[in-house]
$ cat start32.cif   # mmCIF, C-alpha atoms
data_start
#
loop_
_atom_site.group_PDB
_atom_site.id
_atom_site.type_symbol
_atom_site.label_atom_id
_atom_site.label_comp_id
_atom_site.auth_asym_id
_atom_site.auth_seq_id
_atom_site.Cartn_x
_atom_site.Cartn_y
_atom_site.Cartn_z
ATOM 1 C CA MET A 1 -9.710 1.558 -3.556
ATOM 2 C CA ALA A 2 -6.021 0.841 -4.119
ATOM 3 C CA LYS A 3 -3.413 2.343 -6.406
ATOM 4 C CA ILE A 4 -2.078 -0.675 -8.303
ATOM 5 C CA LEU A 5 0.833 -1.191 -10.691
ATOM 6 C CA ILE A 6 0.561 -4.181 -13.045
ATOM 7 C CA VAL A 7 3.932 -5.392 -14.328
ATOM 8 C CA GLU A 8 3.145 -7.835 -17.121
ATOM 9 C CA ASP A 9 4.714 -8.218 -20.592
ATOM 10 C CA GLU A 10 1.727 -10.039 -22.125
ATOM 11 C CA GLU A 11 -0.235 -6.999 -23.272
ATOM 12 C CA ARG A 12 -3.631 -8.698 -23.641
ATOM 13 C CA LEU A 13 -3.417 -10.198 -20.148
ATOM 14 C CA ALA A 14 -2.276 -6.864 -18.697
ATOM 15 C CA GLU A 15 -5.215 -5.074 -20.348
ATOM 16 C CA SER A 16 -7.708 -7.687 -19.169
ATOM 17 C CA VAL A 17 -6.499 -7.493 -15.555
ATOM 18 C CA ARG A 18 -6.338 -3.682 -15.721
ATOM 19 C CA ASP A 19 -9.932 -3.461 -16.996
ATOM 20 C CA TRP A 20 -11.139 -5.810 -14.236
ATOM 21 C CA LEU A 21 -9.378 -3.847 -11.498
ATOM 22 C CA LEU A 22 -10.715 -0.546 -12.879
ATOM 23 C CA ILE A 23 -14.253 -1.968 -12.698
ATOM 24 C CA GLU A 24 -13.481 -2.913 -9.072
ATOM 25 C CA GLY A 25 -12.773 0.775 -8.415
ATOM 26 C CA HIS A 26 -8.968 0.777 -8.262
ATOM 27 C CA GLN A 27 -6.508 3.181 -9.885
ATOM 28 C CA VAL A 28 -4.295 1.151 -12.206
ATOM 29 C CA ASP A 29 -1.037 1.718 -14.093
ATOM 30 C CA VAL A 30 0.525 -0.856 -16.421
ATOM 31 C CA SER A 31 4.219 -1.447 -17.182
ATOM 32 C CA LEU A 32 4.908 -3.891 -20.022
ATOM 33 C CA ASP A 33 8.609 -4.382 -19.268
ATOM 34 C CA SER A 34 11.058 -4.263 -16.389
ATOM 35 C CA ARG A 35 12.583 -0.911 -17.358
ATOM 36 C CA LEU A 36 9.184 0.805 -17.295
ATOM 37 C CA ALA A 37 8.319 -0.961 -14.030
ATOM 38 C CA LEU A 38 11.498 0.165 -12.255
ATOM 39 C CA ASP A 39 10.929 3.707 -13.525
ATOM 40 C CA ALA A 40 7.306 3.750 -12.290
ATOM 41 C CA LEU A 41 8.287 2.343 -8.888
ATOM 42 C CA SER A 42 10.987 4.995 -8.471
ATOM 43 C CA LYS A 43 8.660 7.892 -9.348
ATOM 44 C CA ARG A 44 5.245 6.954 -7.932
ATOM 45 C CA SER A 45 3.787 5.383 -4.822
ATOM 46 C CA TYR A 46 1.584 2.291 -5.086
ATOM 47 C CA ASP A 47 -0.454 0.278 -2.609
ATOM 48 C CA VAL A 48 -0.123 -3.000 -4.530
ATOM 49 C CA VAL A 49 2.199 -4.232 -7.283
ATOM 50 C CA LEU A 50 1.014 -7.194 -9.363
ATOM 51 C CA LEU A 51 4.338 -8.532 -10.627
ATOM 52 C CA ASP A 52 5.043 -11.114 -13.325
ATOM 53 C CA VAL A 53 8.282 -13.091 -12.973
ATOM 54 C CA LEU A 54 9.287 -13.807 -16.591
ATOM 55 C CA LEU A 55 9.902 -10.328 -18.005
ATOM 56 C CA PRO A 56 12.250 -9.060 -20.716
ATOM 57 C CA GLY A 57 15.366 -7.617 -19.102
ATOM 58 C CA VAL A 58 15.316 -7.775 -15.313
ATOM 59 C CA ASN A 59 13.052 -10.569 -14.028
ATOM 60 C CA GLY A 60 10.264 -9.987 -11.510
ATOM 61 C CA ILE A 61 12.141 -11.549 -8.594
ATOM 62 C CA GLU A 62 15.026 -9.106 -9.089
ATOM 63 C CA ILE A 63 12.604 -6.163 -9.453
ATOM 64 C CA CYS A 64 11.021 -7.203 -6.151
ATOM 65 C CA ARG A 65 14.437 -7.477 -4.464
ATOM 66 C CA GLN A 66 15.642 -4.094 -5.790
ATOM 67 C CA TYR A 67 12.381 -2.404 -4.786
ATOM 68 C CA ARG A 68 12.544 -3.765 -1.232
ATOM 69 C CA ASN A 69 16.242 -2.861 -0.914
ATOM 70 C CA SER A 70 15.399 0.714 -1.911
ATOM 71 C CA GLY A 71 12.833 0.910 0.917
ATOM 72 C CA GLY A 72 9.707 0.273 -1.197
ATOM 73 C CA THR A 73 6.680 -0.573 0.954
ATOM 74 C CA ALA A 74 3.910 -1.443 -1.535
ATOM 75 C CA ARG A 75 2.373 -4.890 -1.139
ATOM 76 C CA ILE A 76 3.758 -7.155 -3.862
ATOM 77 C CA LEU A 77 1.639 -9.926 -5.351
ATOM 78 C CA ILE A 78 3.664 -12.112 -7.715
ATOM 79 C CA ALA A 79 1.643 -13.577 -10.589
ATOM 80 C CA SER A 80 3.506 -16.352 -12.389
ATOM 81 C CA ALA A 81 2.959 -19.536 -14.375
ATOM 82 C CA ARG A 82 5.769 -21.039 -12.299
ATOM 83 C CA ASN A 83 3.995 -22.936 -9.561
ATOM 84 C CA SER A 84 6.611 -25.022 -7.772
ATOM 85 C CA SER A 85 7.193 -24.567 -4.046
ATOM 86 C CA ALA A 86 10.761 -23.466 -4.816
ATOM 87 C CA ASP A 87 9.519 -20.711 -7.159
ATOM 88 C CA LYS A 88 7.041 -19.465 -4.564
ATOM 89 C CA GLU A 89 9.725 -19.561 -1.887
ATOM 90 C CA ARG A 90 12.109 -17.498 -4.065
ATOM 91 C CA GLY A 91 9.420 -14.875 -4.666
ATOM 92 C CA LEU A 92 8.386 -14.587 -1.035
ATOM 93 C CA ASP A 93 12.010 -14.522 0.149
ATOM 94 C CA ALA A 94 12.733 -11.693 -2.306
ATOM 95 C CA GLY A 95 10.128 -9.570 -0.516
ATOM 96 C CA ALA A 96 6.784 -10.473 -2.095
ATOM 97 C CA ASP A 97 3.738 -10.542 0.176
ATOM 98 C CA ASP A 98 1.739 -13.106 -1.795
ATOM 99 C CA TYR A 99 2.013 -15.375 -4.848
ATOM 100 C CA ILE A 100 -0.712 -16.353 -7.293
ATOM 101 C CA THR A 101 -0.240 -18.823 -10.145
ATOM 102 C CA LYS A 102 -1.370 -18.242 -13.722
ATOM 103 C CA PRO A 103 -3.902 -18.716 -15.043
ATOM 104 C CA PHE A 104 -5.839 -17.182 -12.168
ATOM 105 C CA ASP A 105 -9.461 -16.313 -11.594
ATOM 106 C CA LEU A 106 -10.078 -12.545 -11.546
ATOM 107 C CA LYS A 107 -12.327 -12.853 -8.503
ATOM 108 C CA GLU A 108 -9.527 -14.601 -6.617
ATOM 109 C CA LEU A 109 -7.163 -11.823 -7.670
ATOM 110 C CA SER A 110 -9.592 -9.230 -6.267
ATOM 111 C CA ALA A 111 -9.864 -11.148 -3.003
ATOM 112 C CA ARG A 112 -6.076 -11.271 -2.691
ATOM 113 C CA VAL A 113 -5.814 -7.506 -3.345
ATOM 114 C CA ARG A 114 -8.438 -6.859 -0.653
ATOM 115 C CA ALA A 115 -6.549 -9.113 1.768
ATOM 116 C CA LEU A 116 -3.293 -7.266 1.068
ATOM 117 C CA MET A 117 -5.021 -3.934 1.650
ATOM 118 C CA ARG A 118 -6.442 -5.126 4.981
ATOM 119 C CA ARG A 119 -2.943 -5.729 6.255
ATOM 120 C CA SER A 120 -1.574 -2.560 4.749
ATOM 121 C CA VAL A 121 -0.268 -1.066 8.011
ATOM 122 C CA SER A 122 3.176 -2.295 8.918
ATOM 123 C CA MET A 123 5.571 -1.424 11.711
ATOM 124 C CA ILE A 124 9.245 -1.484 10.780
ATOM 125 C CA GLY A 125 11.309 -0.627 13.848
ATOM 126 C CA ASN A 126 9.924 2.713 15.058
ATOM 127 C CA THR A 127 8.301 3.453 11.705
ATOM 128 C CA LEU A 128 4.616 3.073 10.805
ATOM 129 C CA VAL A 129 3.899 2.535 7.106
ATOM 130 C CA LEU A 130 0.486 2.791 5.429
ATOM 131 C CA GLY A 131 0.532 2.955 1.631
ATOM 132 C CA ASP A 132 2.836 5.852 0.789
ATOM 133 C CA LEU A 133 2.577 7.373 4.292
ATOM 134 C CA THR A 134 5.518 6.790 6.632
ATOM 135 C CA LEU A 135 5.659 7.971 10.255
ATOM 136 C CA ASP A 136 8.672 7.736 12.529
ATOM 137 C CA VAL A 137 7.060 7.586 15.969
ATOM 138 C CA THR A 138 10.370 8.338 17.712
ATOM 139 C CA THR A 139 11.421 11.487 15.830
ATOM 140 C CA HIS A 140 7.820 12.526 15.000
ATOM 141 C CA GLN A 141 8.655 12.899 11.314
ATOM 142 C CA ALA A 142 6.203 12.021 8.558
ATOM 143 C CA TRP A 143 6.553 11.493 4.795
ATOM 144 C CA ARG A 144 4.146 11.081 1.909
ATOM 145 C CA GLY A 145 6.188 9.175 -0.635
ATOM 146 C CA ARG A 146 9.559 10.927 -0.567
ATOM 147 C CA VAL A 147 8.165 14.305 0.549
ATOM 148 C CA GLU A 148 8.488 15.166 4.237
ATOM 149 C CA LEU A 149 5.314 16.538 5.829
ATOM 150 C CA LYS A 150 5.634 19.437 8.262
ATOM 151 C CA LEU A 151 3.143 18.600 11.036
ATOM 152 C CA LEU A 152 2.374 20.175 14.380
ATOM 153 C CA PRO A 153 2.636 17.765 17.330
ATOM 154 C CA GLN A 154 -1.173 17.463 17.539
ATOM 155 C CA GLU A 155 -1.427 16.797 13.804
ATOM 156 C CA PHE A 156 1.229 14.099 14.029
ATOM 157 C CA SER A 157 -0.538 12.453 16.991
ATOM 158 C CA LEU A 158 -3.884 12.476 15.178
ATOM 159 C CA LEU A 159 -2.335 11.044 11.999
ATOM 160 C CA GLU A 160 -0.593 8.330 14.019
ATOM 161 C CA HIS A 161 -3.895 7.417 15.705
ATOM 162 C CA LEU A 162 -5.720 7.214 12.364
ATOM 163 C CA ILE A 163 -2.962 5.110 10.766
ATOM 164 C CA ARG A 164 -3.043 2.685 13.678
ATOM 165 C CA HIS A 165 -6.805 2.275 13.048
ATOM 166 C CA PRO A 166 -7.066 2.012 9.233
ATOM 167 C CA ASN A 167 -10.370 1.698 7.400
ATOM 168 C CA LYS A 168 -12.325 3.018 10.373
ATOM 169 C CA ILE A 169 -14.685 5.969 10.300
ATOM 170 C CA PHE A 170 -14.838 7.990 13.488
ATOM 171 C CA SER A 171 -18.007 9.901 14.360
ATOM 172 C CA PRO A 172 -17.795 12.890 16.737
ATOM 173 C CA ASP A 173 -19.208 10.669 19.510
ATOM 174 C CA VAL A 174 -16.429 8.126 19.004
ATOM 175 C CA PHE A 175 -13.825 10.892 19.053
ATOM 176 C CA ARG A 176 -15.311 12.111 22.327
ATOM 177 C CA LYS A 177 -15.321 8.614 23.857
ATOM 178 C CA LEU A 178 -11.726 8.095 22.763
ATOM 179 C CA LYS A 179 -10.849 11.413 24.404
ATOM 180 C CA ILE A 180 -9.434 12.404 21.057
ATOM 181 C CA SER A 181 -9.311 16.029 22.206
ATOM 182 C CA ARG A 182 -5.812 15.247 23.467
ATOM 183 C CA PHE A 183 -4.837 14.732 19.818
ATOM 184 C CA LEU A 184 -6.641 17.803 18.555
ATOM 185 C CA CYS A 185 -5.744 20.360 21.178
ATOM 186 C CA GLY A 186 -3.218 18.797 23.480
ATOM 187 C CA GLY A 187 -5.903 17.903 26.010
ATOM 188 C CA ASN A 188 -5.931 21.466 27.325
ATOM 189 C CA ARG A 189 -9.227 22.617 25.835
ATOM 190 C CA LYS A 190 -12.745 21.290 25.435
ATOM 191 C CA PHE A 191 -14.182 20.952 21.988
ATOM 192 C CA SER A 192 -17.592 20.493 20.420
ATOM 193 C CA SER A 193 -18.698 18.348 17.473
ATOM 194 C CA PHE A 194 -18.135 21.402 15.302
ATOM 195 C CA SER A 195 -14.452 21.428 16.253
ATOM 196 C CA ILE A 196 -13.826 18.217 14.351
ATOM 197 C CA ALA A 197 -16.283 18.661 11.477
ATOM 198 C CA VAL A 198 -14.564 18.939 8.115
#

$ encode --input "start32.cif" --output "structure tokens"
Amino acid sequence: MAKILIVEDEERLAESVRDWLLIEGHQVDVSLDSRLALDALSKRSYDVVLLDVLLPGVNGIEICRQYRNSGGTARILIASARNSSADKERGLDAGADDYITKPFDLKELSARVRALMRRSVSMIGNTLVLGDLTLDVTTHQAWRGRVELKLLPQEFSLLEHLIRHPNKIFSPDVFRKLKISRFLCGGNRKFSSFSIAV
């Protein structure tokens, strides 16, 4: 499940895509103009932004550029009727991760969202980014959105390990085989399955 922002000024299209993505199990917000989109992007964290290009006010390419320049890390999927190679190049060069042309099939849109979510961990310098989680592996600082998390060294190490292995479920046996006790208790103590049960 992803947290998705749809930026689309055609209300009926925005509602149709929103309803489809809700059925797919995602959390979805809709912004019908660029001002609302920039406001939402400055106040909330998203996994994916579905971004139209031709918007009243600031166009989608400029929204993408401003968002990236401000440090925004959500995956951006541009959805536009403009389908020339030059248009796609402009969108991708502005910071978009993918480009889909209108009209598009909703099943293809879902597949593209899933693909973006599969590659949702990125490494920028010494920083790991997953959704709205950011970890600086050098300074051992962590943030959720713009809020810094106060973590013990073991908690930071465990979170780093889990972020580096997204979408995986670890059973107690796997934790034991991975010698994950070094993350949980600094490697100084033994632990049982009950030690990692939540």

$ atom_distance --input "start32.cif" --atom1 "atom CA of A:Arg35" --atom2 "atom CA of A:Asn69"
17.0 Å

$ closest_residue --input "start32.cif" --among "A:Leu41, A:Ala115, A:Leu109, A:Ile78" --to "A:Leu21" --atoms "only C-alpha atoms"
A:Leu109

$ closest_residue --input "start32.cif" --among "A:Gly25, A:Gly91, A:Pro56, A:Gly72" --to "A:Ala40" --atoms "all atoms listed in the file"
A:Gly72

$ closest_residue --input "start32.cif" --among "A:Arg68, A:Arg75, A:His140, A:Arg114" --to "A:Glu24" --atoms "all atoms listed in the file"
A:Arg114

$ atom_distance --input "start32.cif" --atom1 "atom CA of A:Met117" --atom2 "atom CA of A:Leu51"
16.1 Å

$ residues_around --input "start32.cif" --residues "A:Arg65" --least-positions-apart "2" --cutoff "12 Å" --atoms "only C-alpha atoms" --output "PyMOL selection string"
chain A and resi 38+51+53+58-63+67-73+76+90-96

$ decode --input "start32.cif" --residues "stretch 73-84 of chain A" --atoms "N, CA, C and O atoms" --output "JSON list (two decimals), in the first residue's frame"
[["chain", "number", "residue", "atom", "x", "y", "z"],
["A", 73, "THR", "N", 11.45, 13.41, -1.80],
["A", 73, "THR", "CA", 11.94, 12.09, -2.22],
["A", 73, "THR", "C", 10.85, 11.15, -2.74],
["A", 73, "THR", "O", 11.15, 10.01, -3.09],
["A", 74, "ALA", "N", 9.60, 11.59, -2.79],
["A", 74, "ALA", "CA", 8.54, 10.71, -3.31],
["A", 74, "ALA", "C", 8.84, 10.36, -4.76],
["A", 74, "ALA", "O", 9.48, 11.12, -5.48],
["A", 75, "ARG", "N", 8.38, 9.19, -5.19],
["A", 75, "ARG", "CA", 8.51, 8.81, -6.59],
["A", 75, "ARG", "C", 7.48, 9.61, -7.38],
["A", 75, "ARG", "O", 6.31, 9.67, -7.00],
["A", 76, "ILE", "N", 7.91, 10.21, -8.47],
["A", 76, "ILE", "CA", 7.01, 11.05, -9.27],
["A", 76, "ILE", "C", 6.74, 10.37, -10.61],
["A", 76, "ILE", "O", 7.67, 10.03, -11.35],
["A", 77, "LEU", "N", 5.46, 10.16, -10.87],
["A", 77, "LEU", "CA", 4.99, 9.59, -12.13],
["A", 77, "LEU", "C", 4.22, 10.68, -12.86],
["A", 77, "LEU", "O", 3.14, 11.08, -12.42],
["A", 78, "ILE", "N", 4.79, 11.20, -13.93],
["A", 78, "ILE", "CA", 4.11, 12.23, -14.71],
["A", 78, "ILE", "C", 3.09, 11.55, -15.61],
["A", 78, "ILE", "O", 3.38, 10.55, -16.27],
["A", 79, "ALA", "N", 1.86, 12.12, -15.61],
["A", 79, "ALA", "CA", 0.79, 11.63, -16.48],
["A", 79, "ALA", "C", 0.37, 12.80, -17.36],
["A", 79, "ALA", "O", -0.13, 13.81, -16.87],
["A", 80, "SER", "N", 0.63, 12.68, -18.66],
["A", 80, "SER", "CA", 0.38, 13.81, -19.56],
["A", 80, "SER", "C", -0.07, 13.34, -20.93],
["A", 80, "SER", "O", 0.31, 12.27, -21.38],
["A", 81, "ALA", "N", -0.89, 14.19, -21.57],
["A", 81, "ALA", "CA", -1.29, 13.91, -22.96],
["A", 81, "ALA", "C", -0.14, 14.22, -23.91],
["A", 81, "ALA", "O", -0.13, 13.77, -25.06],
["A", 82, "ARG", "N", 0.84, 14.97, -23.45],
["A", 82, "ARG", "CA", 2.01, 15.26, -24.28],
["A", 82, "ARG", "C", 2.87, 14.01, -24.36],
["A", 82, "ARG", "O", 3.34, 13.51, -23.34],
["A", 83, "ASN", "N", 3.09, 13.53, -25.57],
["A", 83, "ASN", "CA", 3.76, 12.23, -25.69],
["A", 83, "ASN", "C", 5.02, 12.25, -26.55],
["A", 83, "ASN", "O", 5.53, 11.20, -26.94],
["A", 84, "SER", "N", 5.55, 13.43, -26.83],
["A", 84, "SER", "CA", 6.78, 13.47, -27.63],
["A", 84, "SER", "C", 7.97, 13.09, -26.76],
["A", 84, "SER", "O", 7.95, 13.20, -25.53]]
